[in-house]
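What follows is the content of query-v6.cif, which has mmCIF, C-alpha atoms:
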```
data_start
loop_
_atom_site.label_atom_id
_atom_site.label_comp_id
_atom_site.auth_asym_id
_atom_site.auth_seq_id
_atom_site.Cartn_x
_atom_site.Cartn_y
_atom_site.Cartn_z
CA MET Y 30 28.53 0.14 -12.91
CA ASP Y 31 27.77 1.99 -9.63
CA ASN Y 32 28.48 5.67 -9.12
CA LYS Y 33 31.76 5.07 -7.26
CA GLN Y 34 33.14 3.21 -10.26
CA ASP Y 35 31.93 6.06 -12.49
CA VAL Y 36 33.84 8.52 -10.29
CA ILE Y 37 37.03 6.44 -10.38
CA LYS Y 38 36.80 6.09 -14.17
CA GLN Y 39 36.04 9.75 -14.79
CA PHE Y 40 38.62 11.28 -12.48
CA GLY Y 41 41.30 8.71 -13.17
CA GLN Y 42 41.50 9.68 -16.84
CA ASN Y 43 43.49 12.88 -16.48
CA PRO Y 44 43.98 13.75 -12.81
CA GLU Y 45 46.64 16.38 -13.51
CA SER Y 46 44.01 18.50 -15.27
CA TYR Y 47 42.28 19.05 -11.92
CA VAL Y 48 45.47 20.31 -10.36
CA GLU Y 49 45.74 22.85 -13.19
CA SER Y 50 42.00 23.62 -13.46
CA ALA Y 51 41.49 27.37 -12.92
CA ILE Y 52 38.10 26.95 -11.24
CA HIS Y 53 39.62 24.50 -8.73
CA ARG Y 54 43.00 26.20 -8.34
CA GLU Y 55 42.00 29.87 -8.32
CA GLY Y 56 38.40 29.86 -7.12
CA LYS Y 57 37.67 32.69 -4.67
CA ASP Y 58 35.90 30.13 -2.50
CA LEU Y 59 39.26 28.70 -1.38
CA GLN Y 60 40.13 31.87 0.49
CA MET Y 61 36.58 32.09 1.80
CA LEU Y 62 36.95 28.63 3.34
CA VAL Y 63 40.06 29.81 5.18
CA GLU Y 64 38.22 32.93 6.37
CA MET Y 65 35.30 30.86 7.64
CA ALA Y 66 37.46 28.40 9.59
CA SER Y 67 38.28 29.14 13.23
CA LEU Y 68 41.98 28.28 13.39
CA GLN Y 69 44.38 28.18 16.32
CA GLY Y 70 47.21 26.45 14.43
CA GLY Y 71 47.21 23.08 16.19
CA GLU Y 72 44.31 21.45 14.37
CA LYS Y 73 44.09 18.07 12.67
CA PHE Y 74 42.44 18.77 9.33
CA LEU Y 75 40.66 16.33 6.99
CA ASP Y 76 40.19 17.16 3.31
CA ILE Y 77 37.53 14.82 1.92
CA ALA Y 78 37.63 14.09 -1.83
CA THR Y 79 40.75 16.21 -2.13
CA GLY Y 80 40.80 16.09 -5.95
CA GLY Y 81 43.74 18.19 -7.12
CA GLY Y 82 44.67 18.88 -3.50
CA HIS Y 83 43.92 22.61 -3.47
CA THR Y 84 42.07 22.65 -0.14
CA ALA Y 85 44.68 20.51 1.61
CA ASN Y 86 47.39 22.72 0.11
CA ILE Y 87 45.96 26.03 1.33
CA PHE Y 88 45.30 24.72 4.86
CA ALA Y 89 48.59 22.82 5.27
CA PRO Y 90 50.63 25.82 6.54
CA LEU Y 91 47.80 26.85 8.89
CA VAL Y 92 47.32 23.61 10.85
CA THR Y 93 49.46 20.91 12.43
CA GLU Y 94 48.36 17.92 10.35
CA VAL Y 95 46.34 17.34 7.17
CA ALA Y 96 44.81 14.09 5.90
CA ALA Y 97 43.95 14.30 2.20
CA LEU Y 98 41.48 11.58 1.18
CA ASP Y 99 40.26 10.64 -2.28
CA LEU Y 100 38.58 7.65 -3.90
CA THR Y 101 40.83 7.73 -6.97
CA GLU Y 102 44.45 6.59 -6.72
CA GLY Y 103 45.64 8.64 -9.69
CA MET Y 104 44.05 11.77 -8.27
CA LEU Y 105 45.83 11.25 -4.95
CA LYS Y 106 49.18 10.92 -6.70
CA ALA Y 107 48.59 14.13 -8.66
CA ALA Y 108 47.56 15.93 -5.47
CA GLU Y 109 50.63 14.63 -3.64
CA ASN Y 110 52.97 15.84 -6.40
CA PHE Y 111 51.31 19.27 -6.29
CA ILE Y 112 51.36 19.63 -2.50
CA ARG Y 113 54.86 18.21 -1.99
CA GLY Y 114 56.03 20.50 -4.77
CA ASN Y 115 54.83 23.41 -2.66
CA GLY Y 116 56.99 22.23 0.23
CA HIS Y 117 54.26 20.95 2.58
CA GLN Y 118 55.40 17.91 4.55
CA ASN Y 119 52.53 17.68 7.07
CA VAL Y 120 50.03 16.13 4.63
CA THR Y 121 49.26 12.41 4.41
CA PHE Y 122 47.42 10.93 1.44
CA ILE Y 123 44.79 8.24 1.96
CA GLN Y 124 42.72 6.40 -0.61
CA GLY Y 125 39.20 6.01 0.75
CA ASP Y 126 35.47 6.53 0.43
CA ALA Y 127 33.77 9.70 1.70
CA GLU Y 128 30.74 7.63 2.66
CA ASN Y 129 32.82 5.19 4.73
CA LEU Y 130 35.73 7.18 6.12
CA PRO Y 131 38.72 5.02 7.17
CA PHE Y 132 39.31 6.83 10.47
CA PRO Y 133 38.39 6.27 14.13
CA ASP Y 134 35.71 8.32 15.85
CA ARG Y 135 36.41 11.89 17.02
CA VAL Y 136 39.92 12.37 15.63
CA PHE Y 137 39.71 15.58 13.55
CA ASP Y 138 39.18 19.19 14.54
CA ILE Y 139 38.13 20.35 11.07
CA ALA Y 140 36.83 18.53 7.97
CA ALA Y 141 36.30 20.11 4.57
CA CYS Y 142 34.78 18.94 1.31
CA ARG Y 143 35.08 21.22 -1.72
CA ILE Y 144 33.31 20.84 -5.09
CA ALA Y 145 32.86 17.09 -4.65
CA SER Y 146 29.71 16.10 -2.75
CA HIS Y 147 27.56 16.19 -5.90
CA HIS Y 148 29.31 12.93 -6.82
CA PHE Y 149 28.24 11.10 -3.64
CA SER Y 150 25.36 8.66 -4.05
CA ASN Y 151 24.79 8.37 -0.27
CA VAL Y 152 25.13 11.95 0.88
CA LYS Y 153 23.34 11.34 4.19
CA GLY Y 154 25.87 8.59 4.91
CA PHE Y 155 28.63 11.06 4.07
CA VAL Y 156 27.22 13.59 6.56
CA ARG Y 157 27.01 10.88 9.26
CA GLU Y 158 30.62 9.89 8.63
CA VAL Y 159 31.88 13.47 8.83
CA GLN Y 160 30.01 13.94 12.11
CA ARG Y 161 31.52 10.69 13.43
CA VAL Y 162 35.18 11.54 12.76
CA LEU Y 163 34.98 15.12 14.04
CA LYS Y 164 35.52 15.96 17.70
CA GLN Y 165 32.63 17.51 19.59
CA GLY Y 166 32.51 21.13 18.49
CA GLY Y 167 34.55 20.21 15.42
CA GLN Y 168 34.06 22.27 12.28
CA PHE Y 169 32.71 21.04 8.95
CA LEU Y 170 33.36 23.27 5.93
CA LEU Y 171 31.18 22.33 2.96
CA ASP Y 172 31.65 23.94 -0.45
CA ASP Y 173 29.69 22.81 -3.49
CA ASN Y 174 27.50 23.80 -6.38
CA VAL Y 175 23.83 23.79 -5.47
CA ALA Y 176 20.58 23.41 -7.38
CA PRO Y 177 17.91 26.11 -7.30
CA GLU Y 178 14.99 25.67 -4.92
CA ASP Y 179 12.54 25.70 -7.83
CA ASP Y 180 11.95 22.11 -9.01
CA GLU Y 181 12.00 22.91 -12.74
CA LEU Y 182 15.27 24.80 -12.44
CA ASP Y 183 16.68 22.08 -10.19
CA GLN Y 184 15.87 19.43 -12.79
CA PHE Y 185 17.42 21.47 -15.60
CA TYR Y 186 20.67 22.08 -13.73
CA ASN Y 187 21.12 18.48 -12.63
CA THR Y 188 20.25 17.25 -16.13
CA ILE Y 189 22.93 19.30 -17.86
CA GLU Y 190 25.50 18.35 -15.21
CA LYS Y 191 24.71 14.66 -15.69
CA CYS Y 192 24.90 15.03 -19.48
CA ARG Y 193 28.33 16.62 -19.14
CA ASP Y 194 29.63 14.27 -16.46
CA TYR Y 195 28.23 10.76 -16.03
CA SER Y 196 29.78 10.58 -12.53
CA HIS Y 197 27.59 13.48 -11.35
CA PHE Y 198 24.97 12.19 -8.90
CA ARG Y 199 23.06 15.25 -7.65
CA ALA Y 200 23.63 18.89 -6.81
CA TRP Y 201 21.44 19.42 -3.76
CA LYS Y 202 19.31 22.44 -2.90
CA LYS Y 203 20.44 24.76 -0.12
CA SER Y 204 17.39 23.78 1.91
CA GLU Y 205 18.28 20.10 1.52
CA TRP Y 206 21.78 20.72 2.86
CA VAL Y 207 20.42 22.62 5.85
CA ARG Y 208 18.06 19.76 6.67
CA MET Y 209 20.68 17.02 6.20
CA LEU Y 210 23.23 18.79 8.38
CA GLU Y 211 20.84 19.73 11.16
CA CYS Y 212 19.35 16.21 11.19
CA GLY Y 213 22.87 14.78 11.04
CA GLY Y 214 24.08 16.23 14.34
CA PHE Y 215 25.40 19.62 13.21
CA ASP Y 216 24.56 23.20 14.10
CA LEU Y 217 24.90 25.65 11.22
CA VAL Y 218 27.13 28.62 11.99
CA GLU Y 219 27.56 30.41 8.67
CA MET Y 220 26.40 30.18 5.06
CA ARG Y 221 27.76 32.10 2.08
CA ILE Y 222 26.23 31.97 -1.37
CA PHE Y 223 27.85 33.11 -4.58
CA ARG Y 224 27.29 32.89 -8.32
CA LYS Y 225 29.66 31.00 -10.60
CA THR Y 226 30.11 31.61 -14.30
CA PHE Y 227 30.64 28.49 -16.38
CA TYR Y 228 32.30 28.80 -19.79
CA PHE Y 229 30.59 26.15 -21.88
CA GLU Y 230 33.59 24.99 -23.95
CA LYS Y 231 35.91 24.74 -20.94
CA TRP Y 232 33.14 23.20 -18.85
CA CYS Y 233 32.67 20.41 -21.41
CA ARG Y 234 36.39 19.97 -22.07
CA GLN Y 235 37.07 19.49 -18.33
CA MET Y 236 35.10 16.22 -18.53
CA ASN Y 237 36.47 15.19 -21.94
CA LEU Y 238 32.94 15.31 -23.35
CA PRO Y 239 32.83 13.81 -26.86
CA GLU Y 240 31.97 16.29 -29.62
CA LYS Y 241 28.64 14.62 -30.47
CA GLU Y 242 27.52 14.77 -26.85
CA LYS Y 243 28.65 18.40 -26.58
CA ILE Y 244 26.54 19.27 -29.64
CA ASN Y 245 23.52 17.50 -28.13
CA LEU Y 246 24.01 19.31 -24.82
CA ASN Y 247 24.25 22.64 -26.64
CA ARG Y 248 20.96 21.87 -28.41
CA PHE Y 249 19.30 20.92 -25.13
CA ILE Y 250 20.28 24.22 -23.53
CA LEU Y 251 19.23 26.21 -26.63
CA ALA Y 252 15.75 24.67 -26.32
CA SER Y 253 15.32 26.00 -22.76
CA ASN Y 254 12.39 28.24 -21.91
CA GLU Y 255 12.61 31.88 -20.88
CA LYS Y 256 12.42 31.09 -17.17
CA ILE Y 257 15.50 28.84 -17.38
CA ASN Y 258 17.38 31.26 -19.63
CA ASN Y 259 16.79 34.15 -17.27
CA HIS Y 260 17.66 32.27 -14.09
CA PHE Y 261 20.92 30.83 -15.38
CA HIS Y 262 21.84 33.96 -17.41
CA ILE Y 263 22.54 31.81 -20.46
CA VAL Y 264 24.58 33.65 -23.11
CA ILE Y 265 24.23 32.43 -26.70
CA GLU Y 266 26.15 33.62 -29.75
CA ASP Y 267 25.62 32.29 -33.29
CA GLY Y 268 23.61 29.36 -31.98
CA LEU Y 269 26.28 28.30 -29.50
CA VAL Y 270 26.10 28.47 -25.73
CA GLN Y 271 28.93 30.67 -24.46
CA THR Y 272 28.35 30.93 -20.71
CA PHE Y 273 25.79 30.33 -18.00
CA GLN Y 274 25.68 31.00 -14.30
CA GLY Y 275 25.16 28.59 -11.44
CA GLU Y 276 25.22 28.96 -7.70
CA ALA Y 277 27.51 27.60 -5.00
CA VAL Y 278 27.19 27.49 -1.24
CA LEU Y 279 29.79 27.50 1.51
CA ILE Y 280 28.54 26.24 4.84
CA LYS Y 281 30.28 26.15 8.21
CA ALA Y 282 28.68 23.74 10.66
CA VAL Y 283 29.86 22.42 14.03
CA VAL Y 284 29.26 19.08 15.69
CA ARG Y 285 26.49 19.47 18.21
#
```

So that I can check it, write out the structure of this file as structure tokens.
Amino acid sequence: MDNKQDVIKQFGQNPESYVESAIHREGKDLQMLVEMASLQGGEKFLDIATGGGHTANIFAPLVTEVAALDLTEGMLKAAENFIRGNGHQNVTFIQGDAENLPFPDRVFDIAACRIASHHFSNVKGFVREVQRVLKQGGQFLLDDNVAPEDDELDQFYNTIEKCRDYSHFRAWKKSEWVRMLECGGFDLVEMRIFRKTFYFEKWCRQMNLPEKEKINLNRFILASNEKINNHFHIVIEDGLVQTFQGEAVLIKAVVR
């Protein structure tokens, strides 16, 4: 089973939970994306891997037209119910692959991808596709969890994410994103970095992690060394992981 089928299986199980997910629905990064965008009001906006539709929803009243794309049919339907329920009629919903976007060249003014690119197995292809469908000078807003620059910490973070979610491919380092974007025809305009607190029980429940696998993941984290514990601010009570902290990046880049 390739990673795209893993994504469809994982996110097709309970798509409504992503509409209601607090970290997706209420994340402070949503407002930051709006602040980072240069908006005149007449833009055509593309939301790649829309998930629960939160990015498309917040931008819909600020632009002329929104295309919300996702690989998973059930996710698109949940996003459509959410967005239509908020009264937005300028959003179209398209099933498609972020690495092979079903649009002509140079049609969008802005493209965004929020908390999704760590699922893409061909992230360089994704960057090429975003560059292709954006107009010259078009804006790309990228928002995702990132791995630390240190290789040991990088391996730990990607390991626990993969244990929790089999559709996880890789959280990239900030430096890797900078290189991929600059080599992919973009100029970086702005980067914001912020910490995210993950609540272990909710974090596991979001992916419907079986109890046995959750116990094993808890044990794996408990066995971490001091360097890992300190970096991720892991909080343990009575032998159970309570919280840990990761990092996310928001990048604004424009087509060169």

* **Non-local contacts of Leu246 of chain Y (12 Å; only C-alpha atoms; under 4 positions in same chain excluded) as an MDAnalysis selection string** => chainID Y and resid 185:186 188:194 229:230 232:233 238:242 250:253 269:270

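Selection check: the PyMOL selection byres ((chain Y and resi 275) around 6) on the shown file gives Y:Arg224, Y:Lys225, Y:Gln274, Y:Glu276.
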
* Asked: Nearest to Ile87 of chain Y: which of Y:His117, Y:Arg248, Y:Lys256, Y:Arg161 is it, counting only C-alpha atoms?
  ->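 That would be Y:His117, the residue with the smallest distance to Ile87 of chain Y.
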
* To do: Check what the PyMOL selection byres ((chain Y and resi 166) around 7) selects in the file above and give those residues as a ChimeraX atom specification.
  => /Y:164-165,167-168,283-285

* **Shortest interatomic distance to Asp58 of chain Y - which of Y:Phe223, Y:Tyr228, Y:Phe261, Y:Phe215, counting all atoms listed in the file** =>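 Looking at the shortest contact to Asp58 of chain Y, the residue is Y:Phe223.
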
* Asked: Restricting the calculation to all atoms listed in the file, which member of Y:Ala96, Y:Val278, Y:Leu130, Y:Ala85 is positioned closest to Arg221 of chain Y?
  -> Y:Val278
